[in-house]
Amino acid sequence: MSGAGLGKGDELLKVENVSLRFGGVKAITDVSFDIRKGEIRAIIGPNGAGKTSMLNCINGFYHPQEGAITYKGIKRGRMRPYVAASQGIARTFQNVALFKGMTTLDNIMVGRTLKMSSPFFWQLWRHGPAMREEVEHRRFVEEIIDFLEIEHIRKVPVGKLPYGLQKRVELGRALAMQPELLLLDEPMAGMNLEEKEDMCRFILDVSSQYGTTIALIEHDIGVVMDLSDRVVVLEYGRKIADGTPDVVKADQKVIDAYLGVGH
Amino acid sequence: MLYREAGQFKTTYEADMAVFPIRQDRIGLGLIILAAFLLPLFSSDFFIGTVMVPFLVFSLAAIGLNLLTGYTGLLSLGTGAFMGVGAYACYKLTIAFPEVNVLIWIVASGFFSAAVGVLFGLPSLRIKGFYLAVATLAAQFVLEWCVVRIPWLYNYSSSGSIDVPTRTLFDIAITGPQATPTTRYLVLLSIVVIFTWIASNIVRGRIGRMWMAIRDMDIAAELMGIRPLQTKLLAFAVSSFYCGVAGAVMMFLWYGGGEAKDAFNINLSFNILFMIIIGGLGALLGAFLGAGLLHLVPIFLKFGLPALGVPIGGETAEHWTHIIIGMLIIFFLIVEPHGLARLWSITKQKLRMWPFPY
């Protein structure tokens, strides 16, 4: 799971002067920051600050009009999301985007798609290489299922699961890709305290066990400050602060953005 | 009570990933297939020829459409046309190379249909739902036009219709006027069993998961590294392949030529689509159940009721058929919008638990 020649603390992804507009609406204006290998990087800000748009740019869903995104030292051109996926960028969504008709197991197995390559001919018979590959990846997926403690819902269609478990399955699906950079869009939205604590534990475990670099958007400031190594704060599409949680917490602009300014 | 799997433990992933992990299911399926192969011993040529043969042809076509519409979520109204491509491809091939076994040409004709399917599937990257259905409707009109206007396809016969030549397997006629309904039925049944098994292999593996991922959430699927265009086109290819083979067997093992040129029309497309909607989208069993309901029930009403002694005239029966089928469709869709296949799986679940509620 190690990046090509990148050590812990090296720059994995660099966003430089990125601006994104939808017609006349400026979603992101001139934002720059970097994500270092192995860290947990939080992106916070009030609603509509452009956090999700930022993730969409990193993902390849949106194409910023200005600025550049450098991933593993290579400047990226305009690309489709599946190219980003093949480069090792995985993602979860703010509103769970699972494959509702499929079981937990199948959902996580979809995450292994890029690692599977047995030829179409063998797929027809489900024997030989196709079956061997299927079993090998099933074993890997079962490890993720153990890790996330969702053994009991292995064969339940995910549409029937409660929200907290769906979020967990979605994390599992992203982990199945063995990503180098994991983007989490509000992993704890709509959860109760217990579920949040579980999710925090999983995020910290992913970071320490697999060494995955994580960028997360979250509104629960307590969680963000405890989990992350560095925080970038956006407001109205502009970056207003960047640094360790302590620095960001003390920043007057951040306090103003969150608490409002007296007039 | 009827249906217990207690004590059946799985110790390998292979065993856990089998089509029917429960022993009773495997035995049940084995019995059904055995009964299907032994059926000609117990029933008349008429029953085999007018009931079972069309039922199997429709089932095969419905499996094909289900791969596209049920598993990949792409609505198509070109089924009849893709079946027609298969039928005419098979006809031209066996006329050109009579010495090659017709079964090989029946399978080969699927590739022609697949190529045409991919061509008409190209818009699917940009358009979805009803709009895609309209785009595939173009296939229906263009290909129907071809069948009427290009005499080469029906070997310049003056009537515009074709006659399926006699072809043999182990010196037994399997197509053409000499073939008995029983032989045709057994050949068709073998084809359907093999193709159903292959379809179930495809949908349970990587390719099936890619299709369903595109169906359920295409954005997330793309993020998992699934290329939308290639995946959708593969679905069109495999689906049209099945439809093409279904068209070839429809012409060769059921119609035997004749009015075949009118058969591959828009009504056929709609019929197959209704079969999978009622049977169950995204379930192979649904293809059989849907084909069964829409094909067998009308026949039962038409011939079964008089045979049981219910006095009902031919024309009245026809009208009643339409009314009853219409009501059944509404009834089943209200009871279970996900189709008969889902109804069956719920029933199975209930039987496992019976007499306890949960």
# chains A, B, ... in the order shown; residues from 1 in each chain; ligands from 1
>>> select_by_dssp(residues="range 39-109 of chain A", states="helix (DSSP H, G or I)", output="PyMOL selection string")
chain A and resi 51-59+81-86+104-109
>>> interface_residues(of="chain B", to="chain A", cutoff="8 Å", atoms="only C-alpha atoms", output="PyMOL selection string")
chain B and resi 13-14+198-199+201-202+205-207+209-210+212-213+216-217+220+222-227
>>> residues_around(residues="Lys128 in chain B", least_positions_apart="6", cutoff="10 Å", atoms="only C-alpha atoms", output="list in words")
Gly73, Leu74, Leu75, Val134 and Ala135 of chain B
>>> residues_around(residues="range 285-299 of chain B", least_positions_apart="3", cutoff="8 Å", atoms="only C-alpha atoms", output="PyMOL selection string")
chain B and resi 51+54-55+58-60+62-63+66+272+274-282+302-304+321-322+325+339-341
>>> write_last_selection(atoms="N, CA and C atoms", output="mmCIF file, in the first residue's frame")
data_model
loop_
_atom_site.group_PDB
_atom_site.id
_atom_site.type_symbol
_atom_site.label_atom_id
_atom_site.label_comp_id
_atom_site.auth_asym_id
_atom_site.auth_seq_id
_atom_site.Cartn_x
_atom_site.Cartn_y
_atom_site.Cartn_z
ATOM 1 N N VAL B 51 -46.926 -24.948 -26.330
ATOM 2 C CA VAL B 51 -46.800 -24.384 -24.984
ATOM 3 C C VAL B 51 -45.343 -24.283 -24.559
ATOM 4 N N PRO B 54 -42.518 -22.250 -27.204
ATOM 5 C CA PRO B 54 -42.550 -20.774 -27.114
ATOM 6 C C PRO B 54 -42.149 -20.274 -25.734
ATOM 7 N N PHE B 55 -42.568 -21.004 -24.688
ATOM 8 C CA PHE B 55 -42.223 -20.593 -23.322
ATOM 9 C C PHE B 55 -40.708 -20.510 -23.160
ATOM 10 N N PHE B 58 -39.263 -17.521 -25.188
ATOM 11 C CA PHE B 58 -39.486 -16.252 -24.489
ATOM 12 C C PHE B 58 -38.587 -16.138 -23.263
ATOM 13 N N SER B 59 -38.415 -17.249 -22.547
ATOM 14 C CA SER B 59 -37.581 -17.207 -21.354
ATOM 15 C C SER B 59 -36.151 -16.796 -21.705
ATOM 16 N N LEU B 60 -35.641 -17.377 -22.786
ATOM 17 C CA LEU B 60 -34.267 -17.067 -23.179
ATOM 18 C C LEU B 60 -34.134 -15.587 -23.543
ATOM 19 N N ALA B 62 -36.061 -13.225 -22.490
ATOM 20 C CA ALA B 62 -36.270 -12.431 -21.281
ATOM 21 C C ALA B 62 -35.000 -12.414 -20.432
ATOM 22 N N ILE B 63 -34.270 -13.526 -20.397
ATOM 23 C CA ILE B 63 -32.984 -13.513 -19.684
ATOM 24 C C ILE B 63 -32.070 -12.476 -20.321
ATOM 25 N N ASN B 66 -33.191 -9.076 -19.396
ATOM 26 C CA ASN B 66 -33.003 -8.866 -17.961
ATOM 27 C C ASN B 66 -31.552 -8.506 -17.647
ATOM 28 N N ILE B 272 -41.595 -8.968 -24.188
ATOM 29 C CA ILE B 272 -40.433 -9.434 -23.410
ATOM 30 C C ILE B 272 -40.193 -8.474 -22.246
ATOM 31 N N PHE B 274 -42.430 -6.641 -20.683
ATOM 32 C CA PHE B 274 -43.445 -6.879 -19.648
ATOM 33 C C PHE B 274 -43.117 -8.145 -18.856
ATOM 34 N N MET B 275 -42.611 -9.147 -19.569
ATOM 35 C CA MET B 275 -42.270 -10.397 -18.881
ATOM 36 C C MET B 275 -41.265 -10.162 -17.771
ATOM 37 N N ILE B 276 -40.226 -9.375 -18.049
ATOM 38 C CA ILE B 276 -39.220 -9.216 -16.993
ATOM 39 C C ILE B 276 -39.700 -8.255 -15.914
ATOM 40 N N ILE B 277 -40.562 -7.292 -16.273
ATOM 41 C CA ILE B 277 -41.077 -6.397 -15.227
ATOM 42 C C ILE B 277 -41.955 -7.181 -14.263
ATOM 43 N N ILE B 278 -42.840 -8.026 -14.824
ATOM 44 C CA ILE B 278 -43.718 -8.806 -13.958
ATOM 45 C C ILE B 278 -42.956 -9.930 -13.267
ATOM 46 N N GLY B 279 -42.040 -10.530 -13.997
ATOM 47 C CA GLY B 279 -41.285 -11.643 -13.420
ATOM 48 C C GLY B 279 -40.326 -11.184 -12.345
ATOM 49 N N GLY B 280 -39.690 -10.063 -12.565
ATOM 50 C CA GLY B 280 -38.735 -9.557 -11.581
ATOM 51 C C GLY B 280 -37.477 -9.076 -12.270
ATOM 52 N N LEU B 281 -37.230 -7.761 -12.163
ATOM 53 C CA LEU B 281 -36.019 -7.202 -12.755
ATOM 54 C C LEU B 281 -34.825 -7.617 -11.903
ATOM 55 N N GLY B 282 -33.761 -7.987 -12.549
ATOM 56 C CA GLY B 282 -32.565 -8.344 -11.796
ATOM 57 C C GLY B 282 -32.645 -9.696 -11.124
ATOM 58 N N LYS B 302 -57.378 -20.425 -22.834
ATOM 59 C CA LYS B 302 -57.934 -20.683 -24.160
ATOM 60 C C LYS B 302 -58.276 -22.166 -24.328
ATOM 61 N N PHE B 303 -57.314 -23.032 -23.944
ATOM 62 C CA PHE B 303 -57.533 -24.461 -24.169
ATOM 63 C C PHE B 303 -57.875 -25.215 -22.891
ATOM 64 N N GLY B 304 -57.369 -24.716 -21.776
ATOM 65 C CA GLY B 304 -57.540 -25.445 -20.522
ATOM 66 C C GLY B 304 -58.978 -25.444 -20.036
ATOM 67 N N THR B 321 -59.272 -13.794 -21.813
ATOM 68 C CA THR B 321 -57.825 -13.876 -21.631
ATOM 69 C C THR B 321 -57.243 -12.499 -21.393
ATOM 70 N N HIS B 322 -57.629 -11.562 -22.277
ATOM 71 C CA HIS B 322 -57.089 -10.205 -22.133
ATOM 72 C C HIS B 322 -57.455 -9.609 -20.790
ATOM 73 N N ILE B 325 -55.588 -11.574 -17.845
ATOM 74 C CA ILE B 325 -54.152 -11.290 -17.823
ATOM 75 C C ILE B 325 -53.910 -9.876 -17.310
ATOM 76 N N GLY B 339 -41.861 -7.846 -8.539
ATOM 77 C CA GLY B 339 -42.067 -8.974 -9.432
ATOM 78 C C GLY B 339 -42.219 -10.311 -8.734
ATOM 79 N N LEU B 340 -42.544 -11.300 -9.580
ATOM 80 C CA LEU B 340 -42.825 -12.634 -9.053
ATOM 81 C C LEU B 340 -41.601 -13.251 -8.387
ATOM 82 N N ALA B 341 -40.405 -12.954 -8.885
ATOM 83 C CA ALA B 341 -39.204 -13.560 -8.310
ATOM 84 C C ALA B 341 -39.063 -13.150 -6.849
#
>>> residues_around(residues="range 28-42 of chain A", least_positions_apart="4", cutoff="7 Å", atoms="only C-alpha atoms", output="PDB file with N, CA and C atoms, in the first residue's frame")
ATOM      1  N   GLY A   7       7.825   8.664   1.144  1.00  0.00           N
ATOM      2  CA  GLY A   7       7.934   8.307   2.556  1.00  0.00           C
ATOM      3  C   GLY A   7       6.896   9.048   3.358  1.00  0.00           C
ATOM      4  N   LYS A   8       6.748   8.668   4.613  1.00  0.00           N
ATOM      5  CA  LYS A   8       5.783   9.336   5.471  1.00  0.00           C
ATOM      6  C   LYS A   8       6.156  10.806   5.623  1.00  0.00           C
ATOM      7  N   GLY A   9       5.189  11.693   5.461  1.00  0.00           N
ATOM      8  CA  GLY A   9       5.451  13.110   5.603  1.00  0.00           C
ATOM      9  C   GLY A   9       5.761  13.811   4.284  1.00  0.00           C
ATOM     10  N   ASP A  10       6.031  13.022   3.207  1.00  0.00           N
ATOM     11  CA  ASP A  10       6.234  13.663   1.900  1.00  0.00           C
ATOM     12  C   ASP A  10       4.898  14.147   1.358  1.00  0.00           C
ATOM     13  N   GLU A  11       4.991  15.095   0.426  1.00  0.00           N
ATOM     14  CA  GLU A  11       3.774  15.656  -0.151  1.00  0.00           C
ATOM     15  C   GLU A  11       3.113  14.651  -1.089  1.00  0.00           C
ATOM     16  N   LEU A  12       1.891  14.207  -0.770  1.00  0.00           N
ATOM     17  CA  LEU A  12       1.202  13.244  -1.628  1.00  0.00           C
ATOM     18  C   LEU A  12       0.385  13.981  -2.677  1.00  0.00           C
ATOM     19  N   LEU A  13      -0.288  15.019  -2.231  1.00  0.00           N
ATOM     20  CA  LEU A  13      -1.154  15.775  -3.133  1.00  0.00           C
ATOM     21  C   LEU A  13      -1.004  17.263  -2.858  1.00  0.00           C
ATOM     22  N   LYS A  14      -0.898  18.020  -3.916  1.00  0.00           N
ATOM     23  CA  LYS A  14      -0.761  19.465  -3.738  1.00  0.00           C
ATOM     24  C   LYS A  14      -1.810  20.177  -4.579  1.00  0.00           C
ATOM     25  N   VAL A  15      -2.553  21.052  -3.936  1.00  0.00           N
ATOM     26  CA  VAL A  15      -3.564  21.846  -4.632  1.00  0.00           C
ATOM     27  C   VAL A  15      -3.028  23.262  -4.711  1.00  0.00           C
ATOM     28  N   GLU A  16      -2.904  23.809  -5.930  1.00  0.00           N
ATOM     29  CA  GLU A  16      -2.301  25.135  -6.076  1.00  0.00           C
ATOM     30  C   GLU A  16      -3.260  26.087  -6.767  1.00  0.00           C
ATOM     31  N   ASN A  17      -3.626  27.147  -6.080  1.00  0.00           N
ATOM     32  CA  ASN A  17      -4.419  28.247  -6.636  1.00  0.00           C
ATOM     33  C   ASN A  17      -5.625  27.756  -7.433  1.00  0.00           C
ATOM     34  N   VAL A  18      -6.350  26.793  -6.884  1.00  0.00           N
ATOM     35  CA  VAL A  18      -7.473  26.235  -7.620  1.00  0.00           C
ATOM     36  C   VAL A  18      -8.707  27.133  -7.502  1.00  0.00           C
ATOM     37  N   SER A  19      -9.321  27.416  -8.655  1.00  0.00           N
ATOM     38  CA  SER A  19     -10.594  28.147  -8.680  1.00  0.00           C
ATOM     39  C   SER A  19     -11.599  27.346  -9.485  1.00  0.00           C
ATOM     40  N   LEU A  20     -12.817  27.289  -8.978  1.00  0.00           N
ATOM     41  CA  LEU A  20     -13.871  26.535  -9.651  1.00  0.00           C
ATOM     42  C   LEU A  20     -15.123  27.398  -9.715  1.00  0.00           C
ATOM     43  N   ARG A  21     -15.655  27.545 -10.921  1.00  0.00           N
ATOM     44  CA  ARG A  21     -16.872  28.343 -11.094  1.00  0.00           C
ATOM     45  C   ARG A  21     -17.943  27.514 -11.772  1.00  0.00           C
ATOM     46  N   GLY A  50     -17.500  25.180   0.092  1.00  0.00           N
ATOM     47  CA  GLY A  50     -16.777  24.606  -1.040  1.00  0.00           C
ATOM     48  C   GLY A  50     -15.965  23.376  -0.685  1.00  0.00           C
ATOM     49  N   SER A 207      -5.713   4.634   9.594  1.00  0.00           N
ATOM     50  CA  SER A 207      -4.514   5.452   9.446  1.00  0.00           C
ATOM     51  C   SER A 207      -3.294   4.737  10.009  1.00  0.00           C
ATOM     52  N   GLY A 211      -1.640   2.709   7.142  1.00  0.00           N
ATOM     53  CA  GLY A 211      -0.833   3.851   6.726  1.00  0.00           C
ATOM     54  C   GLY A 211      -1.482   4.677   5.629  1.00  0.00           C
ATOM     55  N   THR A 212      -2.807   4.586   5.512  1.00  0.00           N
ATOM     56  CA  THR A 212      -3.518   5.316   4.463  1.00  0.00           C
ATOM     57  C   THR A 212      -3.567   6.809   4.799  1.00  0.00           C
ATOM     58  N   THR A 213      -3.343   7.616   3.784  1.00  0.00           N
ATOM     59  CA  THR A 213      -3.504   9.053   3.957  1.00  0.00           C
ATOM     60  C   THR A 213      -4.991   9.375   3.886  1.00  0.00           C
ATOM     61  N   ILE A 214      -5.478  10.189   4.820  1.00  0.00           N
ATOM     62  CA  ILE A 214      -6.914  10.450   4.876  1.00  0.00           C
ATOM     63  C   ILE A 214      -7.180  11.955   4.818  1.00  0.00           C
ATOM     64  N   ALA A 215      -8.098  12.353   3.962  1.00  0.00           N
ATOM     65  CA  ALA A 215      -8.582  13.733   3.971  1.00  0.00           C
ATOM     66  C   ALA A 215     -10.057  13.666   4.314  1.00  0.00           C
ATOM     67  N   LEU A 216     -10.479  14.369   5.371  1.00  0.00           N
ATOM     68  CA  LEU A 216     -11.873  14.244   5.748  1.00  0.00           C
ATOM     69  C   LEU A 216     -12.530  15.594   5.948  1.00  0.00           C
ATOM     70  N   ILE A 217     -13.812  15.622   5.589  1.00  0.00           N
ATOM     71  CA  ILE A 217     -14.648  16.788   5.825  1.00  0.00           C
ATOM     72  C   ILE A 217     -15.521  16.432   7.006  1.00  0.00           C
ATOM     73  N   VAL A 224     -13.010  16.659  14.747  1.00  0.00           N
ATOM     74  CA  VAL A 224     -11.966  17.115  13.830  1.00  0.00           C
ATOM     75  C   VAL A 224     -10.674  17.433  14.585  1.00  0.00           C
ATOM     76  N   SER A 228      -7.460  14.939  13.619  1.00  0.00           N
ATOM     77  CA  SER A 228      -6.623  15.312  12.486  1.00  0.00           C
ATOM     78  C   SER A 228      -5.259  15.834  12.897  1.00  0.00           C
ATOM     79  N   ASP A 229      -4.303  15.662  11.990  1.00  0.00           N
ATOM     80  CA  ASP A 229      -2.968  16.210  12.186  1.00  0.00           C
ATOM     81  C   ASP A 229      -2.937  17.679  11.784  1.00  0.00           C
ATOM     82  N   ARG A 230      -3.592  17.979  10.649  1.00  0.00           N
ATOM     83  CA  ARG A 230      -3.627  19.375  10.191  1.00  0.00           C
ATOM     84  C   ARG A 230      -5.016  19.684   9.664  1.00  0.00           C
ATOM     85  N   VAL A 231      -5.399  20.921   9.756  1.00  0.00           N
ATOM     86  CA  VAL A 231      -6.752  21.334   9.366  1.00  0.00           C
ATOM     87  C   VAL A 231      -6.654  22.497   8.386  1.00  0.00           C
ATOM     88  N   VAL A 232      -7.475  22.439   7.326  1.00  0.00           N
ATOM     89  CA  VAL A 232      -7.594  23.607   6.460  1.00  0.00           C
ATOM     90  C   VAL A 232      -9.045  24.103   6.571  1.00  0.00           C
ATOM     91  N   GLY A 237     -15.621  29.620  -0.225  1.00  0.00           N
ATOM     92  CA  GLY A 237     -14.726  29.207  -1.291  1.00  0.00           C
ATOM     93  C   GLY A 237     -13.301  29.692  -1.164  1.00  0.00           C
ATOM     94  N   ARG A 238     -12.990  30.410  -0.071  1.00  0.00           N
ATOM     95  CA  ARG A 238     -11.608  30.862   0.119  1.00  0.00           C
ATOM     96  C   ARG A 238     -11.014  30.175   1.330  1.00  0.00           C
ATOM     97  N   LYS A 239      -9.687  30.020   1.294  1.00  0.00           N
ATOM     98  CA  LYS A 239      -9.018  29.445   2.457  1.00  0.00           C
ATOM     99  C   LYS A 239      -8.795  30.555   3.476  1.00  0.00           C
TER     100      LYS A 239
END
>>> residues_around(residues="Ile221 in chain A", least_positions_apart="2", cutoff="10 Å", atoms="only C-alpha atoms", output="list in words")
Ile44, Gly45, Glu218, His219, Val223, Val224, Met225, Asp226, Leu227, Pro245 and Lys249 of chain A
>>> residues_around(residues="Met52 in chain B", least_positions_apart="3", cutoff="12 Å", atoms="only C-alpha atoms", output="PyMOL selection string")
chain B and resi 36-37+39-40+43-49+55-59+181-182+184-186+188-189+192+253-254+288+291-292+295-296+299
>>> select_by_dssp(residues="range 7-207 of chain A", states="strand (DSSP E)", output="NGL selection string")
:A and (11-22 or 25-36 or 40-44 or 66-71 or 74-75 or 89-92 or 181-185)
